[in-house]
>>> print(open('input_34.txt').read())   # compact mmCIF, C-alpha atoms
# COMPACT_ATOMS: atom_id res chain seq x y z
CA MET W 150 0.00 0.00 0.00
CA THR W 151 1.24 3.52 -0.71
CA ARG W 152 0.18 7.06 0.22
CA ARG W 153 0.63 10.29 -1.71
CA PHE W 154 2.35 13.29 -0.13
CA SER W 155 2.90 16.84 -1.20
CA ILE W 156 6.21 17.96 0.34
CA SER W 157 8.56 20.93 0.16
CA LEU W 158 12.31 20.39 -0.11
CA PRO W 159 15.35 22.68 -0.05
CA ASP W 160 16.87 23.29 -3.49
CA ASP W 161 19.95 21.17 -2.85
CA VAL W 162 17.84 18.17 -1.81
CA ALA W 163 15.40 18.67 -4.68
CA ALA W 164 18.35 18.69 -7.08
CA GLU W 165 19.19 15.16 -5.92
CA LEU W 166 15.72 14.00 -6.87
CA ASP W 167 16.06 15.58 -10.31
CA ARG W 168 18.85 13.08 -11.01
CA VAL W 169 16.94 9.89 -10.17
CA ASP W 170 14.34 8.02 -12.21
CA ASN W 171 12.03 7.24 -9.31
CA ALA W 172 11.95 9.92 -6.63
CA SER W 173 9.43 8.02 -4.52
CA ALA W 174 11.62 4.91 -4.37
CA TYR W 175 14.66 7.06 -3.62
CA ILE W 176 12.96 8.79 -0.70
CA ALA W 177 11.53 5.52 0.63
CA GLU W 178 15.00 3.93 0.60
CA ALA W 179 16.53 6.95 2.35
CA ILE W 180 13.90 6.77 5.09
CA ARG W 181 14.43 3.02 5.52
CA LEU W 182 18.18 3.54 5.90
CA ARG W 183 17.59 6.31 8.44
CA ARG W 184 15.20 4.06 10.38
CA ARG W 185 17.71 1.20 10.30
CA HIS W 186 20.43 3.50 11.63
CA GLU W 187 18.26 4.81 14.46
CA THR W 188 17.02 1.34 15.36
CA THR W 189 20.57 -0.02 15.52
CA THR W 190 21.83 2.92 17.55
CA ASP W 191 18.94 2.49 20.00
CA LEU W 192 19.53 -1.27 20.23
CA LEU W 193 23.21 -0.91 21.07
CA GLY W 194 22.47 1.90 23.50
CA ARG W 195 19.82 -0.12 25.34
CA ALA W 196 22.27 -3.01 25.57
CA GLY W 197 24.85 -0.76 27.19
CA TYR W 198 27.42 -0.70 24.41
CA GLU W 199 29.56 2.33 23.71
CA ILE W 200 30.77 1.87 20.16
CA THR W 201 33.68 3.97 18.91
CA VAL W 202 34.46 5.08 15.36
CA GLU W 203 37.94 3.60 15.73
CA GLY W 204 36.61 0.25 16.90
CA VAL W 205 34.20 -0.02 13.99
CA GLU W 206 36.89 0.93 11.48
CA HIS W 207 39.29 -1.64 12.89
CA MET W 208 36.58 -4.29 12.63
CA ARG W 209 35.79 -3.19 9.06
CA GLU W 210 39.43 -3.66 8.06
CA ARG W 211 39.48 -7.18 9.50
CA VAL W 212 36.20 -8.13 7.82
CA ARG W 213 37.26 -6.77 4.44
CA GLU W 214 40.57 -8.61 4.62
CA LEU W 215 38.74 -11.91 5.18
CA GLU W 216 36.11 -11.13 2.52
CA GLY W 217 38.91 -10.42 0.07
CA ARG W 218 40.51 -13.75 0.85
CA ARG W 219 37.18 -15.50 0.31
CA VAL W 220 36.68 -13.84 -3.09
CA HIS W 221 40.25 -14.71 -4.08
CA ARG W 222 39.78 -18.32 -3.06
CA ALA W 223 36.45 -18.54 -4.91
CA GLY W 224 38.05 -17.02 -8.01
CA ALA W 225 40.84 -19.55 -7.83
CA GLY W 226 38.28 -22.33 -7.73
CA GLY W 227 39.07 -23.18 -4.13
CA MET T 157 18.67 -9.69 2.06
CA THR T 158 22.40 -10.37 2.18
CA VAL T 159 23.78 -12.12 5.25
CA ARG T 160 27.28 -10.73 5.66
CA ILE T 161 28.14 -11.94 9.17
CA VAL T 162 26.83 -14.96 11.10
CA LEU T 163 27.00 -14.96 14.91
CA ASP T 164 27.51 -18.31 16.60
CA THR T 165 26.49 -19.19 20.15
CA SER T 166 29.74 -17.90 21.66
CA ALA T 167 29.30 -14.52 19.95
CA LEU T 168 25.66 -14.27 21.04
CA LEU T 169 26.57 -15.06 24.64
CA ALA T 170 29.37 -12.50 24.65
CA TYR T 171 26.99 -9.86 23.29
CA ALA T 172 24.32 -10.74 25.85
CA ARG T 173 26.81 -10.72 28.74
CA LEU T 174 28.55 -7.52 27.63
CA SER T 175 31.80 -9.45 27.84
CA GLY T 176 33.24 -7.94 24.67
CA VAL T 177 32.53 -5.03 22.36
CA ALA T 178 33.38 -6.88 19.13
CA VAL T 179 29.86 -8.03 18.26
CA GLY T 180 28.53 -4.52 18.86
CA GLU T 181 31.20 -3.17 16.53
CA LEU T 182 30.22 -5.71 13.87
CA ILE T 183 26.57 -4.73 14.12
CA ALA T 184 27.44 -1.05 13.83
CA MET T 185 29.76 -1.75 10.87
CA VAL T 186 27.13 -3.67 8.90
CA GLU T 187 24.62 -0.90 9.57
CA GLU T 188 27.04 1.82 8.50
CA ASP T 189 27.99 0.01 5.30
CA GLY T 190 24.33 0.27 4.27
CA GLY T 191 22.53 -1.72 1.62
CA ALA T 192 20.40 -4.69 2.62
CA ALA T 193 23.16 -6.56 4.46
CA VAL T 194 22.36 -8.05 7.84
CA VAL T 195 24.01 -9.86 10.72
CA GLY T 196 22.54 -13.37 10.83
CA ILE T 197 21.50 -15.12 14.02
CA PRO T 198 21.05 -18.85 13.33
CA ALA T 199 17.94 -20.06 15.15
CA GLY T 200 19.87 -23.02 16.57
CA CYS T 201 22.50 -20.71 18.07
CA PHE T 202 19.84 -18.41 19.51
CA LEU T 203 18.20 -21.39 21.21
CA GLU T 204 21.52 -22.56 22.67
CA ALA T 205 22.42 -19.11 23.94
CA HIS T 206 18.96 -18.53 25.36
CA ALA T 207 19.06 -21.89 27.14
CA ALA T 208 22.47 -21.12 28.63
CA LEU T 209 21.26 -17.76 29.94
CA ALA T 210 18.01 -19.26 31.20
CA ALA T 211 19.98 -21.94 33.06
CA ALA T 212 22.06 -19.27 34.77
CA LEU T 213 18.87 -17.50 35.76
CA ALA T 214 17.28 -20.72 37.05
CA ALA T 215 20.39 -21.46 39.09
CA GLY T 216 19.86 -18.16 40.84
CA GLN T 217 23.22 -16.76 39.77
CA ALA T 218 22.94 -13.02 40.22
CA ASP T 219 19.29 -12.95 39.18
CA ALA T 220 19.06 -9.37 38.01
CA GLU T 221 22.21 -9.64 35.94
CA ALA T 222 21.16 -12.94 34.34
CA ALA T 223 17.75 -11.48 33.50
CA ARG T 224 19.39 -8.46 31.88
CA ASP T 225 21.67 -10.73 29.84
CA ARG T 226 18.73 -12.71 28.53
CA ALA T 227 16.77 -9.55 27.75
CA ARG T 228 19.75 -8.23 25.79
CA LEU T 229 19.82 -11.39 23.66
CA VAL T 230 16.08 -11.32 23.04
CA ASP T 231 16.20 -7.63 22.15
CA LEU T 232 18.91 -8.31 19.55
CA ALA T 233 16.92 -11.10 17.94
CA THR T 234 13.51 -9.45 17.95
CA THR T 235 14.14 -5.80 17.15
CA VAL T 236 12.20 -4.99 14.00
CA ASP T 237 13.80 -2.89 11.24
CA GLY T 238 17.24 -3.47 12.71
CA VAL T 239 20.36 -4.96 11.22
CA ALA T 240 20.11 -8.42 12.82
CA ALA T 241 17.92 -11.20 11.46
CA VAL T 242 17.13 -14.64 12.80
CA LEU T 243 17.95 -17.36 10.26
CA PRO T 244 15.53 -20.31 10.34
CA LEU T 245 16.73 -23.89 10.46
CA LEU T 246 15.39 -25.65 7.39
CA GLY T 247 14.33 -29.26 7.45
CA ALA T 248 16.85 -30.17 4.79
CA ASP T 249 19.67 -28.81 6.98
CA VAL T 250 18.95 -30.50 10.29
CA VAL T 251 21.53 -33.26 9.88
CA ALA T 252 24.29 -30.88 8.77
CA ALA T 253 23.37 -28.53 11.61
CA ALA T 254 23.49 -31.37 14.12
CA GLU T 255 26.94 -32.39 12.88
CA ASP T 256 28.61 -29.04 12.17
CA GLY T 257 26.39 -26.56 14.00
CA HIS T 258 23.69 -24.34 12.55
CA ALA T 259 26.10 -21.41 12.24
CA ALA T 260 28.40 -23.32 9.86
CA VAL T 261 25.42 -24.28 7.71
CA GLU T 262 24.38 -20.63 7.35
CA VAL T 263 27.94 -19.47 6.65
CA ARG T 264 28.12 -21.92 3.74
CA ARG T 265 24.66 -21.04 2.47
CA HIS T 266 25.24 -17.28 2.39
CA GLY T 267 28.99 -17.12 1.76
CA ALA T 268 29.19 -15.07 4.96
CA LEU T 269 31.83 -14.81 7.69
CA LEU T 270 31.41 -16.58 11.02
CA ALA T 271 32.01 -14.32 14.02
CA THR T 272 33.09 -16.48 16.93
CA TYR T 273 35.09 -16.76 20.12
CA GLU T 274 35.69 -20.42 19.31
CA GLY T 275 37.66 -20.13 16.10
CA ARG T 276 39.66 -23.29 16.58
CA GLN T 277 36.52 -25.40 16.78
CA ALA T 278 34.88 -23.50 13.90
CA ARG T 279 37.82 -24.19 11.59
CA ARG T 280 37.11 -27.91 11.78
CA ASN T 281 34.05 -27.27 9.61
CA LEU T 282 34.90 -24.05 7.77
CA PRO T 283 37.88 -22.65 5.84
CA ASP T 284 40.18 -20.28 7.71
CA GLU T 285 39.09 -17.26 5.65
CA ALA T 286 35.45 -17.80 6.67
CA VAL T 287 36.19 -17.42 10.38
CA LEU T 288 36.47 -14.05 12.12
CA ASP T 289 38.03 -14.47 15.54
CA LEU T 290 36.55 -12.12 18.09
>>> encode(input="input_34.txt", output="structure tokens")
Amino acid sequence: MTRRFSISLPDDVAAELDRVDNASAYIAEAIRLRRRHETTTDLLGRAGYEITVEGVEHMRERVRELEGRRVHRAGAGG
Amino acid sequence: MTVRIVLDTSALLAYARLSGVAVGELIAMVEEDGGAAVVGIPAGCFLEAHAALAAALAAGQADAEAARDRARLVDLATTVDGVAAVLPLLGADVVAAAEDGHAAVEVRRHGALLATYEGRQARRNLPDEAVLDL
């Protein structure tokens, strides 16, 4: 189900929508991503975690290194 | 939905008990990287972790703390619109899950990484590059 809205946007934001084929889908995806971010932040906060930018970046480097090794192995037929 | 990381029982227990920040960092990383990627919670691992926490609660070990640990686990698995998703155990997978663990089954299915505190045991069933030691 969908609903129609008439909304006003700043010029710089409206310019983004001029570039996409489906503005409704673009806005819906942006809102979903925002909701996912807020939900995750709330979840970790409720749990009592204090997550740092440095900690996340270090974890990202480790994950990407392993993912790269997996892709390499798959490409080599392993 | 793309399952990028799978949490095994040891990772779920660590998250629930606040005994390490690594799982929290993984969840935040997957969320930040965007797209439709999720952190997978195999149903079999959730059941094991929940049972372990329930047993601690039943044994009367620091009741309030054990209750908070269990609530933390349930919150992770049941939060809607979040970045974690429970992965069901399919009938066709029950034998493989019984032998290798449900987490290994899901790692193979999705081509994901296994996040675990028991890497040595995990590597009996998975290649080294599929195991992320926490």
>>> closest_atom_pairs(input="input_34.txt", of="chain T", to="chain W", cutoff="10 Å", atoms="all atoms listed in the file", output="Markdown table")
| residue | atom | partner | partner_atom | distance |
| --- | --- | --- | --- | --- |
| T:Arg160 | CA | W:Glu216 | CA | 9.4 |
| T:Ile161 | CA | W:Val212 | CA | 9.0 |
| T:Tyr171 | CA | W:Ala196 | CA | 8.6 |
| T:Ala172 | CA | W:Ala196 | CA | 8.0 |
| T:Arg173 | CA | W:Ala196 | CA | 9.5 |
| T:Leu174 | CA | W:Tyr198 | CA | 7.6 |
| T:Gly176 | CA | W:Tyr198 | CA | 9.3 |
| T:Val177 | CA | W:Tyr198 | CA | 7.0 |
| T:Ala178 | CA | W:Met208 | CA | 7.7 |
| T:Val179 | CA | W:Met208 | CA | 9.5 |
| T:Gly180 | CA | W:Leu193 | CA | 6.8 |
| T:Glu181 | CA | W:Val205 | CA | 5.0 |
| T:Leu182 | CA | W:Met208 | CA | 6.6 |
| T:Ile183 | CA | W:Thr189 | CA | 7.8 |
| T:Ala184 | CA | W:Val205 | CA | 6.8 |
| T:Met185 | CA | W:Val205 | CA | 5.7 |
| T:Val186 | CA | W:Arg209 | CA | 8.7 |
| T:Glu187 | CA | W:His186 | CA | 6.4 |
| T:Glu188 | CA | W:His186 | CA | 7.5 |
| T:Asp189 | CA | W:Arg209 | CA | 9.2 |
| T:Gly190 | CA | W:Leu182 | CA | 7.2 |
| T:Gly191 | CA | W:Leu182 | CA | 8.1 |
| T:Ala192 | CA | W:Leu182 | CA | 9.1 |
| T:Arg224 | CA | W:Ala196 | CA | 8.8 |
| T:Asp225 | CA | W:Ala196 | CA | 8.8 |
| T:Ala227 | CA | W:Ala196 | CA | 8.8 |
| T:Arg228 | CA | W:Ala196 | CA | 5.8 |
| T:Leu229 | CA | W:Ala196 | CA | 8.9 |
| T:Asp231 | CA | W:Leu192 | CA | 7.4 |
| T:Leu232 | CA | W:Leu192 | CA | 7.1 |
| T:Thr235 | CA | W:Leu192 | CA | 7.7 |
| T:Val236 | CA | W:Thr188 | CA | 8.1 |
| T:Asp237 | CA | W:Arg185 | CA | 5.7 |
| T:Gly238 | CA | W:Arg185 | CA | 5.3 |
| T:Val239 | CA | W:Thr189 | CA | 6.6 |
| T:Ala240 | CA | W:Thr189 | CA | 8.8 |
| T:Gly267 | CA | W:Arg219 | CA | 8.5 |
| T:Ala268 | CA | W:Glu216 | CA | 8.3 |
| T:Leu269 | CA | W:Glu216 | CA | 7.7 |
| T:Ala271 | CA | W:Val212 | CA | 9.7 |
| T:Pro283 | CA | W:Arg219 | CA | 9.1 |
| T:Asp284 | CA | W:Leu215 | CA | 8.9 |
| T:Glu285 | CA | W:Leu215 | CA | 5.4 |
| T:Ala286 | CA | W:Leu215 | CA | 6.9 |
| T:Val287 | CA | W:Leu215 | CA | 8.0 |
| T:Leu288 | CA | W:Val212 | CA | 7.3 |
| T:Asp289 | CA | W:Arg211 | CA | 9.6 |
| T:Leu290 | CA | W:Met208 | CA | 9.5 |
>>> closest_residue(input="input_34.txt", among="T:Ala193, T:Ala214, T:Leu246, T:Ala233", to="His258 in chain T", atoms="only C-alpha atoms")
T:Leu246
>>> atom_distance(input="input_34.txt", atom1="CA of Val230 in chain T", atom2="CA of His206 in chain T")
8.1 Å
